Amino acid sequence: MSVHLTARNVSRRYGVSTVVNGVSLDLEPGKITALLGGSGAGKSTLLRLFAGLEPLDEGEIRLGDQMLSAPGKTVPAEKRRIGLIFQDFALFPHLTAAQNVAFGLKSRGKAAARTIAAEWLARLGLTGRADAYPHELSGGEQQRVAIARALAPEPAAILMDEPFSGLDPALRGSVRDTALAAIREAGIPALLVTHDPTEALESSDAIAILQGGRLLQQGLARDVYLKPDSAAIAAALGPVSRISGPDMPAGLTGQAVPAGSELVVRPEGVVQDETSPVRATVVTSQLTGPLCRLLLDCAGQELVALVPRMTAPKAGAEIGIRLDPALTFIFQSADS
Amino acid sequence: MAGLIIAVPVFVTLIAGLVNGGGDAWSHIRDTLLVGYTGGTLGMLALTGIMILITAVPAAWLVTMYQFPGRGVFEWLLILPLAAPGYVLAYAYADLMGLMGPFQVAIRDVTGLSARDYWFPDMRNLPGLAFVLTCALYPYVYLTARAAFVSQSVCALEAARSLGASSFRRFWQVALPAARPAIAAGLALALMEAAADYGAAEYLGVPTLTFGIVRAWQSFGEPAAAARLALVLVAIVIGLILAERYTRGRAGSQQSSTRWRTVSRARLPLGAGLAASALCGLIFLVAFVLPVSRLVWLVMESRDSIAPIGRALFNTLILAGSGAALAFVLALVIALTVRQSGLVAGFARLMASTGYAIPGAVLALGALIVMGQLGLTLTGAGAIFALAWVYASRFTTSGAEPMVAALGRAPASMGYAAESLGASPLRRAVSVDLPVALSGAMAGALILFVESLKELPATLMLRPFNWDTLSVRANAYATDERLAAAALPSLLITLAGLLPVILLSWRLSRSRPGDAE
């Protein structure tokens with residue numbers, strides 16, 4: 001019964017600027033797709049197009065075989081059965097948690113709505129908080145109410161706009177796990193808009209990377225991380241070190257790096273190996289949590305490495321390094 | 001100290017009402033008039049409140065949420081009726097709707113009927129009074145409701161849409177409850193003004209408590225009886241304040257949202273758009289254009305035989321000017337101490353804000369009682385000072401508001417910076433806070449002057465002998481059924497009233513939280 005939510009060649013312009021430019025994106029039922037991009041990339045606009053909060057200028061959006069948006073024709077948001085979850089929760093301040101959840105259940109009748117709302121609150125671990133008003137709830141509780149409210153009417157799809165970035169970092173993980181489990185269980189297409197690559201990788205099944213209104217790459221989270229199409233995509237998914245071809249220290253890679261190209265490597269791809277002929281000097285060495293971050297100078301080129309604390313060298317030491325081929329990419333230079 | 005100066009008149013009246021016997025007139029008033037006065041005030045408040053709500057809230061919702069022809073103009077036009085005090089509208093409407101007014105004349109001309117043969121709405125009753133006061137006071141609720149709608153979380157409305165709520169349900173069940181405290185605050189303000197009205201009630205012949213207070217003083221010469229009536233009136237006003245507090249309740253109204261998106265107004269289809277324009281246009285026409293143009297017409301028609309008002313104009317400038325000056329100093333003191341926490345400053349603020357809620361007639365009564373105790377008569381400088389005192393007592397809070405707002409825009413850390421640079425509290429107040437507060441002072445002074453100029457009952461009770469102001473003249477002419485003569489002072493009051501209103505709408509158009517991302 002669950003169907004795909006699909007955008008085909010969608011564009012949206014504000015005056016002369018094109019905010020979303022020819023995006024095609026297929027959201028699969030039961031899968032969470034992360035839409036990753038910096039601010040101004042067009043993520044929120046794309047979400048609003050899916051939600052029916054804005055009309056599109058080109059392309060079409062379909063839910064299964066039902067046409068939702070086409071130029072000049074927009075099924076209004078209130079008729080789409082697409083749930084929305086916002087960064088600021090957007091709970092109705094004058095309604096209790098239970099009343100908030102029951103808001104979308106008007107057609108079920110009062111008694112049924114109350115039962116369903118109670119079930120959803122229980123599912124998200126909020127049983128005791130049913131009669132609390134939003135301002136009496138903690139941030140994490142508010143967000144779980146918002147999720148219950150969006151899921152209770154059994155929407156055909158769900159869209160989340162930076163849903164967890166308003167939360168305390170200590171809380172974020174557990175709220176996210178509860179929320180995403182409930183969403184996966186619903187078996188509907190889900191879109192998670194985020195600017196945080198770690199969140200995108202941790203929470204989603206598929207990733208789509210948006211930049212300047214265009215979709216750069218989409219695919220399974222693991223594939224996009226391990227096989228980025230460009231240096232920009234590799235950088236969008238986490239920190240990287242970049243060295244352009246002519247500056248390459250001798251012997252650093254097994255492959256040849258052609259003149260007009262650059263090497264991109266993830267910090268965990270820079271491996272300490274005393275048998276390697278390639279030497280580097282440790283400029284700084286700092287414990288940053290589970291791992292130690294090394295800033296290396298390798299024949300005048302800067303490299304960042306993440307290594308376990310136990311084996312981490314001190315600043316000033318000279319070490320041998322090699323690159324993990326799975327985490328090392330060679331692209332045509334952007335400027336060539 | 002400033003708070004105390006402001007609060008004395010009301011407390012004197014209350015104590016006089018509680019302690020003194022009512023005098024001979026009181027038993028008469030109690031037995032024959034009290035129920036009528038109280039009923040008149042309560043009925044007027046109830047009807048005015050309902051009419052204000054159904055006028056102001058839909059208008060505010062339309063101009064905030066939808067795009068329709070003329071929306072941008074209506075947004076601030078709808079504030080203009082605030083300029084004309086209720087009694088001025090009462091004179092204009094009594095004339096417009098009267099037997100010799102243009103509507104009835106037209107009906108008789110067209111149908112050939114005589115005045116007895118048809119029904120025509122009569123202004124001289126409770127619904128007429130409520131209608132006139134609604135026209136004068138709905139902008140209070142329009143302003144607060146509009147501000148609440150503009151600053152609401154767009155996300156909450158979008159969440160409601162995604163949950164399948166129709167546009168009516170989004171208004172009724174999401175936006176309106178969230179705006180309820182703001183609307184209640186605006187309504188409480190409007191009804192306090194309505195409770196304080198004397199001129200319109202007197203002219204339209206509706207007995208209210210304020211009318212009774214002035215009457216008890218003027219006709220019976222009984223301050224004690226007037227003070228008893230004032231007790232009832234103050235109790236009703238306190239009831240209004242409590243009711244307003246109660247609506248806040250436990251349910252929150254504060255939006256959690258800290259992100260603002262441009263309120264993208266939905267464009268109404270042509271038919272609905274024209275209907276929205278027509279509704280806003282009708283409100284503006286009825287509340288402002290019709291009565292004001294009638295006054296203009298009356299002035300033009302009788303321009304050859306117009307009563308001289310130069311003297312009244314001079315008196316008004318002196319009296320309202322001295323009231324505004326005293327209130328300005330007090331407002332400045334309050335604005336500068338607003339940052340100071342602590343019992344004394346908090347108490348002063350509370351005292352100052354009671355003045356605003358209390359009708360002018362009650363404050364005037366307090367001043368009269370004080371003057372009586374001191375053996376002063378209503379002549380010369382003493383009377384002018386007493387009147388300035390009452391004006392200050394009533395309006396200081398509204399004059400302090402723009403200055404407090406100006407200070408509020410400056411970060412608190414500015415004061416800390418001054419202190420860390422070694423400035424004493426006095427130096428900080430004079431060289432840091434004062435210049436900042438003064439940026440709001442123009443607006444404050446203007447509001448104080450215009451409010452003082454519009455105030456009728458207190459002026460009527462306290463003015464020195466032979467010191468008629470514009471409002472007193474307008475009232476006297478109107479009461480004598482010389483409406484043509486009343487038109488010019490009424491019009492001048494309205495013109496003066498337009499100044500702060502235009503200033504207000506200008507400030508409003510510049511600060512739009514909903515427009516910032």
# chains A, B, ... in the order shown; residues from 1 in each chain; ligands from 1

$ interface_residues --of "chain A" --to "chain B" --cutoff "6 Å" --atoms "only C-alpha atoms" --output "PDB file with all heavy atoms, in the first residue's frame"
ATOM      1  N   ALA A  77      -1.383  21.474   0.556  1.00  0.00           N
ATOM      2  CA  ALA A  77      -0.737  20.676   1.596  1.00  0.00           C
ATOM      3  C   ALA A  77      -1.746  19.916   2.439  1.00  0.00           C
ATOM      4  O   ALA A  77      -1.501  18.767   2.822  1.00  0.00           O
ATOM      5  CB  ALA A  77       0.105  21.595   2.480  1.00  0.00           C
ATOM      6  N   GLU A  78      -2.892  20.552   2.716  1.00  0.00           N
ATOM      7  CA  GLU A  78      -3.855  19.910   3.615  1.00  0.00           C
ATOM      8  C   GLU A  78      -4.552  18.714   2.979  1.00  0.00           C
ATOM      9  O   GLU A  78      -5.231  17.952   3.647  1.00  0.00           O
ATOM     10  CB  GLU A  78      -4.863  20.934   4.156  1.00  0.00           C
ATOM     11  CG  GLU A  78      -5.651  21.708   3.104  1.00  0.00           C
ATOM     12  CD  GLU A  78      -4.970  23.011   2.710  1.00  0.00           C
ATOM     13  OE1 GLU A  78      -3.723  23.050   2.660  1.00  0.00           O
ATOM     14  OE2 GLU A  78      -5.684  23.983   2.436  1.00  0.00           O
ATOM     15  N   LYS A  79      -4.375  18.539   1.661  1.00  0.00           N
ATOM     16  CA  LYS A  79      -5.009  17.401   0.993  1.00  0.00           C
ATOM     17  C   LYS A  79      -4.003  16.312   0.650  1.00  0.00           C
ATOM     18  O   LYS A  79      -4.345  15.345  -0.028  1.00  0.00           O
ATOM     19  CB  LYS A  79      -5.679  17.886  -0.311  1.00  0.00           C
ATOM     20  CG  LYS A  79      -6.723  18.968  -0.106  1.00  0.00           C
ATOM     21  CD  LYS A  79      -8.126  18.391  -0.229  1.00  0.00           C
ATOM     22  CE  LYS A  79      -9.172  19.287   0.397  1.00  0.00           C
ATOM     23  NZ  LYS A  79      -9.346  20.540  -0.342  1.00  0.00           N
ATOM     24  N   ILE A  82       0.780  14.274   3.766  1.00  0.00           N
ATOM     25  CA  ILE A  82       2.228  14.184   3.935  1.00  0.00           C
ATOM     26  C   ILE A  82       2.580  14.864   5.249  1.00  0.00           C
ATOM     27  O   ILE A  82       2.271  16.039   5.449  1.00  0.00           O
ATOM     28  CB  ILE A  82       2.966  14.856   2.761  1.00  0.00           C
ATOM     29  CG1 ILE A  82       2.738  14.041   1.487  1.00  0.00           C
ATOM     30  CG2 ILE A  82       4.446  14.974   3.066  1.00  0.00           C
ATOM     31  CD1 ILE A  82       3.460  14.564   0.279  1.00  0.00           C
ATOM     32  N   GLY A  83       3.175  14.105   6.163  1.00  0.00           N
ATOM     33  CA  GLY A  83       3.478  14.634   7.492  1.00  0.00           C
ATOM     34  C   GLY A  83       4.713  15.514   7.470  1.00  0.00           C
ATOM     35  O   GLY A  83       5.631  15.312   6.675  1.00  0.00           O
ATOM     36  N   ASP A  88      11.868  23.501  14.878  1.00  0.00           N
ATOM     37  CA  ASP A  88      11.372  24.144  16.096  1.00  0.00           C
ATOM     38  C   ASP A  88      10.097  23.473  16.613  1.00  0.00           C
ATOM     39  O   ASP A  88       9.329  24.073  17.340  1.00  0.00           O
ATOM     40  CB  ASP A  88      11.183  25.638  15.882  1.00  0.00           C
ATOM     41  CG  ASP A  88      10.233  25.907  14.719  1.00  0.00           C
ATOM     42  OD1 ASP A  88       9.573  24.950  14.268  1.00  0.00           O
ATOM     43  OD2 ASP A  88      10.157  27.043  14.266  1.00  0.00           O
ATOM     44  N   ALA A  90       7.153  23.226  16.302  1.00  0.00           N
ATOM     45  CA  ALA A  90       5.889  23.791  15.826  1.00  0.00           C
ATOM     46  C   ALA A  90       4.687  23.120  16.473  1.00  0.00           C
ATOM     47  O   ALA A  90       3.670  22.893  15.829  1.00  0.00           O
ATOM     48  CB  ALA A  90       5.799  23.716  14.298  1.00  0.00           C
ATOM     49  N   PRO A  93       0.793  25.653  20.927  1.00  0.00           N
ATOM     50  CA  PRO A  93       1.108  25.946  22.333  1.00  0.00           C
ATOM     51  C   PRO A  93      -0.107  25.850  23.259  1.00  0.00           C
ATOM     52  O   PRO A  93       0.052  25.666  24.455  1.00  0.00           O
ATOM     53  CB  PRO A  93       1.647  27.379  22.288  1.00  0.00           C
ATOM     54  CG  PRO A  93       1.152  27.958  21.019  1.00  0.00           C
ATOM     55  CD  PRO A  93       1.006  26.812  20.058  1.00  0.00           C
ATOM     56  N   HIS A  94      -1.308  25.959  22.697  1.00  0.00           N
ATOM     57  CA  HIS A  94      -2.502  25.983  23.541  1.00  0.00           C
ATOM     58  C   HIS A  94      -3.123  24.607  23.702  1.00  0.00           C
ATOM     59  O   HIS A  94      -4.155  24.473  24.336  1.00  0.00           O
ATOM     60  CB  HIS A  94      -3.520  26.935  22.938  1.00  0.00           C
ATOM     61  CG  HIS A  94      -3.913  26.542  21.533  1.00  0.00           C
ATOM     62  ND1 HIS A  94      -3.044  26.686  20.469  1.00  0.00           N
ATOM     63  CD2 HIS A  94      -5.027  25.989  21.041  1.00  0.00           C
ATOM     64  CE1 HIS A  94      -3.632  26.251  19.370  1.00  0.00           C
ATOM     65  NE2 HIS A  94      -4.841  25.810  19.690  1.00  0.00           N
ATOM     66  N   GLY A 104      -4.611  15.876  14.005  1.00  0.00           N
ATOM     67  CA  GLY A 104      -4.785  15.391  12.634  1.00  0.00           C
ATOM     68  C   GLY A 104      -5.743  14.223  12.516  1.00  0.00           C
ATOM     69  O   GLY A 104      -5.888  13.646  11.447  1.00  0.00           O
TER      70      GLY A 104
END

$ residues_around --residues "A:Ala206" --least-positions-apart "4" --cutoff "6 Å" --atoms "only C-alpha atoms" --output "PyMOL selection string"
chain A and resi 33+219-221

$ closest_residue --among "A:Ile330, A:Ala317, A:Pro325, A:Val224" --to "A:Ser261" --atoms "only C-alpha atoms"
A:Ile330

$ residues_around --residues "stretch 293-303 of chain B" --least-positions-apart "3" --cutoff "10 Å" --atoms "only C-alpha atoms" --output "list of chain:residue names"
B:Val88, B:Leu89, B:Tyr91, B:Ala92, B:Tyr93, B:Asp95, B:Leu96, B:Gly101, B:Pro102, B:Leu285, B:Phe288, B:Val289, B:Leu290, B:Ile306, B:Ala307, B:Leu483, B:Ala484, B:Ala485, B:Ala486, B:Ala487, B:Leu488, B:Pro489, B:Ser490, B:Leu491

$ residues_around --residues "A:Arg172" --least-positions-apart "4" --cutoff "12 Å" --atoms "only C-alpha atoms" --output "list in words"
Gly139, Gly140, Glu141, Gln143, Arg144, Glu162, Pro163, Phe164, Ser165, Gly166, Leu167, Asp168, Arg176, Asp177, Thr178, Ala179, Leu180, Glu199 and Ser203 of chain A

$ atom_distance --atom1 "atom CA of A:Ser44" --atom2 "atom CA of A:Gln87"
11.2 Å

$ closest_residue --among "A:Ala156, A:Arg222, A:Phe50, A:Ser17" --to "A:His4" --atoms "only C-alpha atoms"
A:Ala156

$ closest_residue --among "A:Gln142, A:Thr328, A:Gln286, A:Gln301" --to "A:Val271" --atoms "only C-alpha atoms"
A:Thr328

$ select_by_dssp --residues "stretch 170-259 of chain A" --states "strand (DSSP E)" --output "PyMOL selection string"
chain A and resi 190-194+206-211+214-220+241-244

$ residues_around --residues "stretch 472-476 of chain B" --least-positions-apart "4" --cutoff "12 Å" --atoms "only C-alpha atoms" --output "PyMOL selection string"
chain B and resi 85-92+198-204+295+307-313+315-316+453-464+466-468+480-494

$ write_last_selection --atoms "C-alpha atoms" --output "PDB file, in the first residue's frame"
ATOM      1  CA  PRO B  85     -12.435  59.996  20.595  1.00  0.00           C
ATOM      2  CA  GLY B  86     -15.762  58.273  21.162  1.00  0.00           C
ATOM      3  CA  TYR B  87     -17.630  61.459  21.989  1.00  0.00           C
ATOM      4  CA  VAL B  88     -16.636  63.027  18.657  1.00  0.00           C
ATOM      5  CA  LEU B  89     -17.970  60.002  16.789  1.00  0.00           C
ATOM      6  CA  ALA B  90     -21.114  60.158  18.907  1.00  0.00           C
ATOM      7  CA  TYR B  91     -21.783  63.741  17.816  1.00  0.00           C
ATOM      8  CA  ALA B  92     -21.107  62.934  14.184  1.00  0.00           C
ATOM      9  CA  TYR B 198     -18.237  60.128  29.509  1.00  0.00           C
ATOM     10  CA  GLY B 199     -18.977  62.277  26.462  1.00  0.00           C
ATOM     11  CA  ALA B 200     -20.528  59.648  24.209  1.00  0.00           C
ATOM     12  CA  ALA B 201     -22.660  58.096  26.960  1.00  0.00           C
ATOM     13  CA  GLU B 202     -23.886  61.483  28.107  1.00  0.00           C
ATOM     14  CA  TYR B 203     -24.695  62.667  24.619  1.00  0.00           C
ATOM     15  CA  LEU B 204     -26.448  59.477  23.574  1.00  0.00           C
ATOM     16  CA  LEU B 295     -17.909  66.933  10.631  1.00  0.00           C
ATOM     17  CA  ALA B 307     -18.305  80.136  16.985  1.00  0.00           C
ATOM     18  CA  PRO B 308     -14.834  81.493  17.780  1.00  0.00           C
ATOM     19  CA  ILE B 309     -12.602  78.842  19.284  1.00  0.00           C
ATOM     20  CA  GLY B 310      -9.318  80.738  19.506  1.00  0.00           C
ATOM     21  CA  ARG B 311      -9.623  81.008  23.277  1.00  0.00           C
ATOM     22  CA  ALA B 312     -10.460  77.314  23.646  1.00  0.00           C
ATOM     23  CA  LEU B 313      -7.490  76.432  21.469  1.00  0.00           C
ATOM     24  CA  ASN B 315      -6.618  76.924  26.852  1.00  0.00           C
ATOM     25  CA  THR B 316      -6.176  73.480  25.361  1.00  0.00           C
ATOM     26  CA  LEU B 453      -6.192  67.000  24.799  1.00  0.00           C
ATOM     27  CA  LYS B 454      -8.797  64.312  24.132  1.00  0.00           C
ATOM     28  CA  GLU B 455      -9.630  63.674  27.786  1.00  0.00           C
ATOM     29  CA  LEU B 456     -13.105  64.995  28.502  1.00  0.00           C
ATOM     30  CA  PRO B 457     -14.582  64.105  31.917  1.00  0.00           C
ATOM     31  CA  ALA B 458     -11.547  65.044  34.011  1.00  0.00           C
ATOM     32  CA  THR B 459     -11.205  68.328  32.128  1.00  0.00           C
ATOM     33  CA  LEU B 460     -14.883  68.997  32.585  1.00  0.00           C
ATOM     34  CA  MET B 461     -14.664  68.451  36.339  1.00  0.00           C
ATOM     35  CA  LEU B 462     -11.353  70.181  37.039  1.00  0.00           C
ATOM     36  CA  ARG B 463     -10.841  72.999  34.572  1.00  0.00           C
ATOM     37  CA  PRO B 464     -10.426  76.436  36.155  1.00  0.00           C
ATOM     38  CA  ASN B 466     -13.736  80.022  32.268  1.00  0.00           C
ATOM     39  CA  TRP B 467     -10.999  77.725  30.977  1.00  0.00           C
ATOM     40  CA  ASP B 468     -12.901  75.775  28.370  1.00  0.00           C
ATOM     41  CA  ASP B 480     -26.902  72.331  23.544  1.00  0.00           C
ATOM     42  CA  GLU B 481     -27.755  70.620  20.240  1.00  0.00           C
ATOM     43  CA  ARG B 482     -25.515  73.056  18.387  1.00  0.00           C
ATOM     44  CA  LEU B 483     -23.763  70.309  16.467  1.00  0.00           C
ATOM     45  CA  ALA B 484     -22.522  72.626  13.736  1.00  0.00           C
ATOM     46  CA  ALA B 485     -20.639  74.581  16.388  1.00  0.00           C
ATOM     47  CA  ALA B 486     -19.367  71.380  18.007  1.00  0.00           C
ATOM     48  CA  ALA B 487     -17.992  70.155  14.678  1.00  0.00           C
ATOM     49  CA  LEU B 488     -14.950  72.435  14.484  1.00  0.00           C
ATOM     50  CA  PRO B 489     -13.457  71.633  17.910  1.00  0.00           C
ATOM     51  CA  SER B 490     -14.283  67.953  17.322  1.00  0.00           C
ATOM     52  CA  LEU B 491     -12.485  68.039  14.019  1.00  0.00           C
ATOM     53  CA  LEU B 492      -9.433  69.736  15.534  1.00  0.00           C
ATOM     54  CA  ILE B 493      -9.267  67.091  18.267  1.00  0.00           C
ATOM     55  CA  THR B 494      -9.410  64.377  15.614  1.00  0.00           C
TER      56      THR B 494
END

$ select_by_dssp --residues "stretch 147-188 of chain A" --states "alpha helix (DSSP H)" --output "list of chain:residue names"
A:Ile147, A:Ala148, A:Arg149, A:Ala150, A:Leu151, A:Pro169, A:Ala170, A:Leu171, A:Arg172, A:Gly173, A:Ser174, A:Val175, A:Arg176, A:Asp177, A:Thr178, A:Ala179, A:Leu180, A:Ala181, A:Ala182, A:Ile183, A:Arg184, A:Glu185, A:Ala186
